[in-house]
>>> print(open('input-v7.csv').read())   # CSV, C-alpha atoms and all ligand atoms
chain,number,residue,atom,x,y,z
A,25,MET,CA,127.5,110.2,88.2
A,26,SER,CA,124.8,110.1,90.9
A,27,LYS,CA,125.2,107.5,93.6
A,28,GLY,CA,123.0,104.5,93.9
A,29,LYS,CA,121.5,103.2,97.1
A,30,ALA,CA,122.3,100.2,99.2
A,31,ILE,CA,119.5,98.2,100.6
A,32,ALA,CA,119.9,95.4,103.1
A,33,VAL,CA,117.4,92.6,103.6
A,34,ALA,CA,117.9,91.2,107.1
A,35,ALA,CA,116.5,88.9,109.7
A,36,ILE,CA,118.2,87.3,112.7
A,37,LYS,CA,116.1,84.2,112.2
A,38,GLY,CA,117.3,81.8,109.5
A,39,GLY,CA,115.3,80.5,106.6
A,40,VAL,CA,112.6,83.2,106.6
A,41,GLY,CA,113.2,84.1,103.0
A,42,LYS,CA,115.9,86.8,102.8
A,43,THR,CA,117.8,85.4,99.9
A,44,THR,CA,114.6,84.5,98.0
A,45,THR,CA,113.5,88.1,98.4
A,46,ILE,CA,116.8,89.5,97.3
A,47,VAL,CA,117.0,87.3,94.1
A,48,ASN,CA,113.4,88.1,93.1
A,49,ILE,CA,113.8,91.9,93.8
A,50,ALA,CA,117.2,91.9,91.9
A,51,HIS,CA,115.6,90.2,88.9
A,52,ILE,CA,112.6,92.5,88.8
A,53,LEU,CA,114.6,95.7,89.3
A,54,ALA,CA,117.1,94.7,86.5
A,55,ASN,CA,114.4,93.6,84.0
A,56,ASP,CA,111.3,95.6,84.7
A,57,HIS,CA,112.9,98.8,85.9
A,58,ASN,CA,116.1,98.7,83.8
A,59,LYS,CA,118.2,99.3,86.9
A,60,LYS,CA,121.8,98.4,87.2
A,61,VAL,CA,121.7,96.0,90.2
A,62,LEU,CA,124.5,94.4,92.2
A,63,VAL,CA,123.7,91.7,94.8
A,64,ILE,CA,126.3,91.2,97.6
A,65,ASP,CA,126.3,88.0,99.6
A,66,ALA,CA,127.0,89.4,103.1
A,67,ASN,CA,126.1,86.2,104.7
A,68,PHE,CA,129.7,85.3,105.3
A,69,SER,CA,129.4,82.3,107.6
A,70,SER,CA,126.4,80.5,106.1
A,71,PRO,CA,126.1,81.8,102.5
A,72,ASN,CA,123.4,80.5,100.2
A,73,LEU,CA,123.1,83.1,97.5
A,74,ASN,CA,125.2,80.9,95.2
A,75,LEU,CA,122.7,78.1,95.6
A,76,HIS,CA,119.8,80.4,94.6
A,77,LEU,CA,121.8,81.6,91.6
A,78,GLY,CA,123.1,78.2,90.5
A,79,ALA,CA,126.7,79.6,90.7
A,80,ILE,CA,128.4,77.3,93.1
A,81,GLU,CA,132.0,77.5,91.9
A,82,ASN,CA,133.6,80.9,91.9
A,83,ASP,CA,137.3,81.8,92.0
A,84,LYS,CA,136.8,85.1,93.7
A,85,SER,CA,134.5,86.2,96.5
A,86,ILE,CA,133.7,89.1,98.8
A,87,HIS,CA,136.5,87.8,101.1
A,88,HIS,CA,139.1,88.7,98.4
A,89,LEU,CA,137.8,92.3,98.7
A,90,LEU,CA,137.7,92.3,102.5
A,91,ASN,CA,141.0,90.6,103.1
A,92,ASN,CA,143.2,90.9,100.1
A,93,ASN,CA,142.4,94.3,98.6
A,94,GLU,CA,141.4,92.5,95.3
A,95,LYS,CA,140.3,94.8,92.5
A,96,LEU,CA,136.5,95.2,92.3
A,97,HIS,CA,136.1,94.1,88.8
A,98,ASN,CA,137.8,90.8,89.6
A,99,VAL,CA,135.2,89.7,92.1
A,100,ILE,CA,132.0,90.9,90.3
A,101,CYS,CA,130.1,88.1,88.5
A,102,GLU,CA,127.5,88.7,85.8
A,103,HIS,CA,124.3,86.6,86.0
A,104,SER,CA,122.0,85.7,83.1
A,105,PHE,CA,119.1,87.0,85.3
A,106,GLY,CA,120.3,90.5,84.4
A,107,PHE,CA,122.2,91.6,87.4
A,108,HIS,CA,125.6,91.4,88.9
A,109,PHE,CA,126.6,89.7,92.1
A,110,ILE,CA,129.5,89.2,94.5
A,111,PRO,CA,129.6,85.7,96.1
A,112,THR,CA,130.9,84.6,99.4
A,113,ASP,CA,133.4,81.8,99.9
A,114,ILE,CA,132.1,79.4,102.5
A,115,THR,CA,135.6,78.1,103.3
A,116,LYS,CA,136.8,81.5,104.4
A,117,LEU,CA,135.2,82.4,107.7
A,118,ASN,CA,137.3,85.3,109.0
A,119,SER,CA,137.2,88.5,107.2
A,120,ASN,CA,137.5,92.3,107.8
A,121,GLN,CA,133.8,92.8,107.7
A,122,HIS,CA,134.1,96.4,108.8
A,123,LYS,CA,135.5,97.2,105.3
A,124,LEU,CA,132.2,96.3,103.7
A,125,LYS,CA,130.8,99.8,104.1
A,126,ASN,CA,133.7,101.4,102.3
A,127,ILE,CA,133.4,98.8,99.5
A,128,VAL,CA,129.7,99.4,99.2
A,129,ASN,CA,130.2,103.2,99.1
A,130,GLU,CA,132.6,102.8,96.2
A,131,LEU,CA,130.3,100.4,94.4
A,132,LYS,CA,127.4,102.9,94.7
A,133,ASN,CA,129.2,105.0,92.1
A,134,HIS,CA,128.6,102.2,89.6
A,135,TYR,CA,125.2,100.8,90.4
A,136,ASP,CA,121.6,102.1,90.9
A,137,VAL,CA,120.8,99.6,93.6
A,138,ILE,CA,123.1,97.4,95.7
A,139,LEU,CA,121.2,94.6,97.6
A,140,LEU,CA,122.9,93.1,100.6
A,141,ASP,CA,121.9,89.6,101.6
A,142,SER,CA,122.6,89.3,105.3
A,143,ALA,CA,123.4,86.6,107.8
A,144,PRO,CA,120.9,85.2,110.2
A,145,SER,CA,122.7,86.2,113.4
A,146,PRO,CA,122.9,89.3,115.5
A,147,LYS,CA,126.7,89.2,115.2
A,148,ASP,CA,129.2,91.3,113.4
A,149,GLU,CA,128.4,90.1,109.9
A,150,MET,CA,124.7,91.2,110.1
A,151,LEU,CA,125.8,94.4,111.7
A,152,ALA,CA,128.3,94.9,108.8
A,153,ALA,CA,125.5,94.6,106.3
A,154,ILE,CA,123.2,96.9,108.3
A,155,ASP,CA,126.0,99.5,108.6
A,156,ALA,CA,126.8,99.3,104.9
A,157,ALA,CA,123.1,99.9,104.0
A,158,ASP,CA,121.3,103.1,103.5
A,159,GLU,CA,118.1,101.4,104.4
A,160,LEU,CA,116.9,98.1,105.6
A,161,TYR,CA,113.9,95.8,105.0
A,162,VAL,CA,113.2,93.2,107.7
A,163,VAL,CA,111.8,89.8,106.6
A,164,SER,CA,109.7,87.9,109.1
A,165,THR,CA,107.3,85.0,109.2
A,166,PRO,CA,104.0,85.5,111.1
A,167,ASP,CA,104.8,83.6,114.3
A,168,LEU,CA,105.8,84.6,117.8
A,169,PRO,CA,109.5,83.4,117.9
A,170,THR,CA,110.2,85.1,114.6
A,171,LEU,CA,108.4,88.3,115.7
A,172,THR,CA,110.8,88.4,118.7
A,173,SER,CA,113.9,88.2,116.5
A,174,THR,CA,112.3,90.7,114.1
A,175,LEU,CA,112.0,93.2,116.9
A,176,LYS,CA,115.7,92.5,117.8
A,177,THR,CA,116.8,93.1,114.1
A,178,ALA,CA,114.9,96.4,114.0
A,179,LYS,CA,116.4,97.5,117.3
A,180,LEU,CA,120.0,96.8,116.0
A,181,ALA,CA,119.3,98.8,112.9
A,182,ARG,CA,117.9,101.7,114.8
A,183,GLN,CA,120.9,101.7,117.2
A,184,ASN,CA,123.0,101.9,114.1
A,185,ASN,CA,120.9,104.8,112.7
A,186,THR,CA,120.0,102.7,109.6
A,187,LYS,CA,116.6,103.5,108.3
A,188,VAL,CA,114.2,100.6,108.6
A,189,SER,CA,112.0,101.0,105.5
A,190,GLY,CA,109.7,98.1,105.7
A,191,LEU,CA,108.5,94.8,107.0
A,192,ILE,CA,108.2,91.9,104.6
A,193,LEU,CA,105.9,89.2,105.8
A,194,ASN,CA,106.8,85.9,104.2
A,195,LYS,CA,105.4,82.4,104.1
A,196,VAL,CA,101.9,83.6,105.0
A,197,LYS,CA,99.3,80.8,105.1
A,198,ASN,CA,96.4,82.8,106.2
A,199,LYS,CA,95.7,80.4,109.0
A,200,ASN,CA,94.1,81.3,112.4
A,201,TYR,CA,97.2,80.2,114.3
A,202,GLU,CA,99.3,82.8,112.5
A,203,LEU,CA,99.9,86.4,113.8
A,204,LYS,CA,97.8,88.7,111.6
A,205,PRO,CA,99.7,91.0,109.2
A,206,GLU,CA,98.2,94.1,110.9
A,207,SER,CA,99.3,92.8,114.3
A,208,MET,CA,102.8,92.2,113.0
A,209,GLU,CA,102.9,95.8,111.8
A,210,LYS,CA,101.6,97.2,115.0
A,211,LEU,CA,103.8,95.0,117.3
A,212,THR,CA,107.0,95.8,115.3
A,213,GLY,CA,106.2,99.4,114.6
A,214,ILE,CA,107.5,98.8,111.0
A,215,LYS,CA,105.5,99.6,108.0
A,216,LEU,CA,104.2,96.4,106.3
A,217,VAL,CA,105.3,96.6,102.7
A,218,ALA,CA,104.7,93.1,101.4
A,219,THR,CA,102.7,90.0,102.4
A,220,ILE,CA,104.0,87.0,100.5
A,221,LYS,CA,102.0,83.8,100.7
A,222,ASP,CA,103.6,80.4,101.5
A,223,SER,CA,103.8,78.8,98.1
A,224,VAL,CA,105.2,75.5,96.9
A,225,ARG,CA,106.1,77.3,93.7
A,226,VAL,CA,108.8,79.2,95.6
A,227,LEU,CA,110.3,75.9,96.7
A,228,GLU,CA,110.1,74.6,93.1
A,229,SER,CA,111.7,77.8,91.8
A,230,LEU,CA,114.7,77.2,94.1
A,231,ASN,CA,114.9,73.7,92.9
A,232,SER,CA,114.9,74.8,89.2
A,233,ILE,CA,117.3,77.7,90.1
A,234,ARG,CA,115.0,80.4,88.7
A,235,PRO,CA,113.3,83.1,90.7
A,236,VAL,CA,109.5,82.9,90.9
A,237,SER,CA,109.3,86.3,89.1
A,238,LEU,CA,110.9,84.6,86.1
A,239,LEU,CA,109.0,81.3,86.3
A,240,ASN,CA,105.6,82.9,86.6
A,241,PRO,CA,105.7,86.7,86.5
A,242,ASN,CA,102.0,87.2,87.2
A,243,SER,CA,101.6,84.8,90.1
A,244,ASP,CA,100.5,86.3,93.5
A,245,VAL,CA,104.0,85.9,94.9
A,246,SER,CA,105.7,87.6,91.8
A,247,LEU,CA,103.2,90.5,91.9
A,248,GLU,CA,103.8,91.1,95.5
A,249,TYR,CA,107.6,91.2,94.8
A,250,LYS,CA,106.9,93.5,91.9
A,251,LYS,CA,105.0,95.9,94.1
A,252,LEU,CA,107.8,95.8,96.6
A,253,ALA,CA,110.6,96.3,94.0
A,254,ALA,CA,108.8,99.4,92.7
A,255,LEU,CA,108.5,100.8,96.2
A,256,MET,CA,112.2,100.2,96.8
A,257,VAL,CA,113.1,102.5,93.9
A,258,ASN,CA,110.2,105.0,94.3
A,259,ALA,CA,108.6,103.8,91.0
A,260,SER,CA,104.9,103.6,90.4
A,261,TYR,CA,103.3,100.2,90.4
A,262,GLU,CA,99.9,99.1,89.0
A,263,ASN,CA,98.5,95.6,89.4
A,264,PRO,CA,98.0,93.9,86.0
A,265,LYS,CA,94.4,93.6,84.7
A,266,TRP,CA,92.3,90.9,86.2
A,267,HIS,CA,92.6,88.4,83.3
A,268,ILE,CA,96.4,88.6,83.4
A,269,ARG,CA,96.2,87.9,87.2
A,270,ALA,CA,93.8,85.1,86.6
A,271,LEU,CA,96.2,83.5,84.1
A,272,GLY,CA,99.0,83.9,86.6
A,273,TYR,CA,96.9,82.2,89.2
A,274,LEU,CA,95.9,79.4,86.9
A,275,LYS,CA,99.5,78.8,85.8
A,276,ASP,CA,100.5,78.7,89.5
A,277,ASP,CA,97.7,76.4,90.7
A,278,PHE,CA,97.0,74.3,87.6
A,279,LYS,CA,99.0,71.4,89.0
A,280,ASN,CA,97.1,71.6,92.3
A,281,LEU,CA,93.8,71.8,90.5
A,282,THR,CA,94.5,68.7,88.4
A,283,THR,CA,95.7,66.6,91.4
A,284,HIS,CA,93.1,67.8,93.8
A,285,LYS,CA,90.7,65.1,95.0
A,286,PHE,CA,87.3,66.8,94.6
A,287,SER,CA,85.8,64.0,96.7
A,288,LYS,CA,87.4,65.8,99.6
A,289,GLY,CA,85.3,68.9,98.9
A,290,LEU,CA,86.4,72.3,97.9
A,291,SER,CA,88.7,73.0,100.8
A,292,TYR,CA,91.5,73.5,98.4
A,293,PHE,CA,89.9,76.8,97.3
A,294,LYS,CA,89.6,78.2,100.8
B,301,LIG,N1,107.0,82.4,100.2
B,301,LIG,C1,107.6,81.2,100.3
B,301,LIG,N2,106.8,80.1,100.3
B,301,LIG,C2,107.4,78.9,100.4
B,301,LIG,N3,108.7,78.7,100.6
B,301,LIG,C3,109.5,79.8,100.7
B,301,LIG,C4,109.0,81.1,100.6
B,301,LIG,N4,110.0,82.0,100.7
B,301,LIG,C5,111.1,81.2,100.9
B,301,LIG,N5,110.8,79.9,100.9
B,301,LIG,C6,111.7,78.8,101.1
B,301,LIG,O1,112.3,78.8,102.4
B,301,LIG,C7,113.6,78.4,102.3
B,301,LIG,C8,114.5,79.4,102.9
B,301,LIG,O2,114.5,80.6,102.1
B,301,LIG,P1,115.8,81.5,102.0
B,301,LIG,O3,117.0,80.8,101.7
B,301,LIG,O4,115.4,82.6,101.1
B,301,LIG,O5,115.8,82.0,103.5
B,301,LIG,P2,117.0,82.9,104.2
B,301,LIG,O6,116.3,83.8,105.2
B,301,LIG,O7,117.8,83.5,103.2
B,301,LIG,O8,117.8,81.7,104.9
B,301,LIG,P3,119.2,81.9,105.7
B,301,LIG,O9,119.0,82.6,106.9
B,301,LIG,O10,119.6,80.5,105.9
B,301,LIG,O11,120.1,82.6,104.7
B,301,LIG,C9,114.0,78.0,100.9
B,301,LIG,O12,113.8,76.7,100.7
B,301,LIG,C10,112.9,78.8,100.1
B,301,LIG,O13,112.6,78.3,98.9
B,302,MG,MG,119.9,83.3,102.9
>>> encode(input="input-v7.csv", output="structure tokens")
Amino acid sequence: MSKGKAIAVAAIKGGVGKTTTIVNIAHILANDHNKKVLVIDANFSSPNLNLHLGAIENDKSIHHLLNNNEKLHNVICEHSFGFHFIPTDITKLNSNQHKLKNIVNELKNHYDVILLDSAPSPKDEMLAAIDAADELYVVSTPDLPTLTSTLKTAKLARQNNTKVSGLILNKVKNKNYELKPESMEKLTGIKLVATIKDSVRVLESLNSIRPVSLLNPNSDVSLEYKKLAALMVNASYENPKWHIRALGYLKDDFKNLTTHKFSKGLSYFK
């Protein structure tokens, strides 16, 4: 059986959208590309994958693998979104993180893609995810403090000889005060592979515990995730026809449209 690949999504900065990216990509790869996908929560100290997946209670976690030599099949959970995942137990802080790489190597025999959700810190746990990955995507928001930590994340990956495959720019508002996507690409030296807009629908999707790619597959955000997912597995991607995109846009923005006060002008459309 040919080996799958392990992809880490990382950022030293918290809250930039690592887990959101992982869940959407996993959902798309499993459903649109028919890939066998496993998501590992490698955010050992502040895990939140469970919250994104609505799977708060689990008997077994990655800690059982790292600390107790638990059998793989006992810790893998199946999700109705179409992929498998291994959760983290927030109550167990200390673990043999260096064993993650061996575990991932073994799991690559069983999955096409293993996605590693990493911790927002430059400490051992993020390094364990970087080390276990064949390639890394760095998530950043378009502001100076985050750019600084993005540079640090990329440096750590390069020091570890892990390939940095792309920069995912998230929560983009297209405002003048933001760093421009092309500047982010130039300053980091990392190829910009996705520009995801700041969208209230992403927050709503977390609230309803369903990825945006499931809630509205043709929204701007979902299409950007679809393009990224295809790139991650070297598959071709074509944007849907304009009327499908228009429907996705309307579905996304219908609520805004109906509640918009037109007396305030058309600034909403800018
Ligand atoms: N494009 C977006 N537009 C608006 N909100 C977003 C977007 N992407 C993510 N969010 C929101 O930002 C918050 C943080 O996202 P997420 O949990 O994915 O970040 P994270 O990098 O994994 O955080 P942590 O470092 O704590 O693990 C969530 O409420 C999520 O819904
Ligand atoms: Mg997270």
>>> residues_near_ligand(input="input-v7.csv", ligand="ligand MG 302 (chain B)", cutoff="8 Å", atoms="only C-alpha atoms and all ligand atoms", output="PyMOL selection string")
chain A and resi 38-39+41-44+67+70-73+141-144
>>> atom_distance(input="input-v7.csv", atom1="atom CA of Ala157 of chain A", atom2="atom CA of Val137 of chain A")
10.7 Å
>>> closest_residue(input="input-v7.csv", among="A:Lys132, A:Lys176, A:His87, A:Lys251", to="Ala35 of chain A", atoms="all atoms listed in the file")
A:Lys176
>>> closest_residue(input="input-v7.csv", among="A:Leu75, A:His57, A:Val163, A:Ala152", to="Glu209 of chain A", atoms="only C-alpha atoms")
A:Val163
>>> closest_residue(input="input-v7.csv", among="A:Lys179, A:Lys250, A:Lys210, A:Arg225", to="Asp276 of chain A", atoms="only C-alpha atoms")
A:Arg225
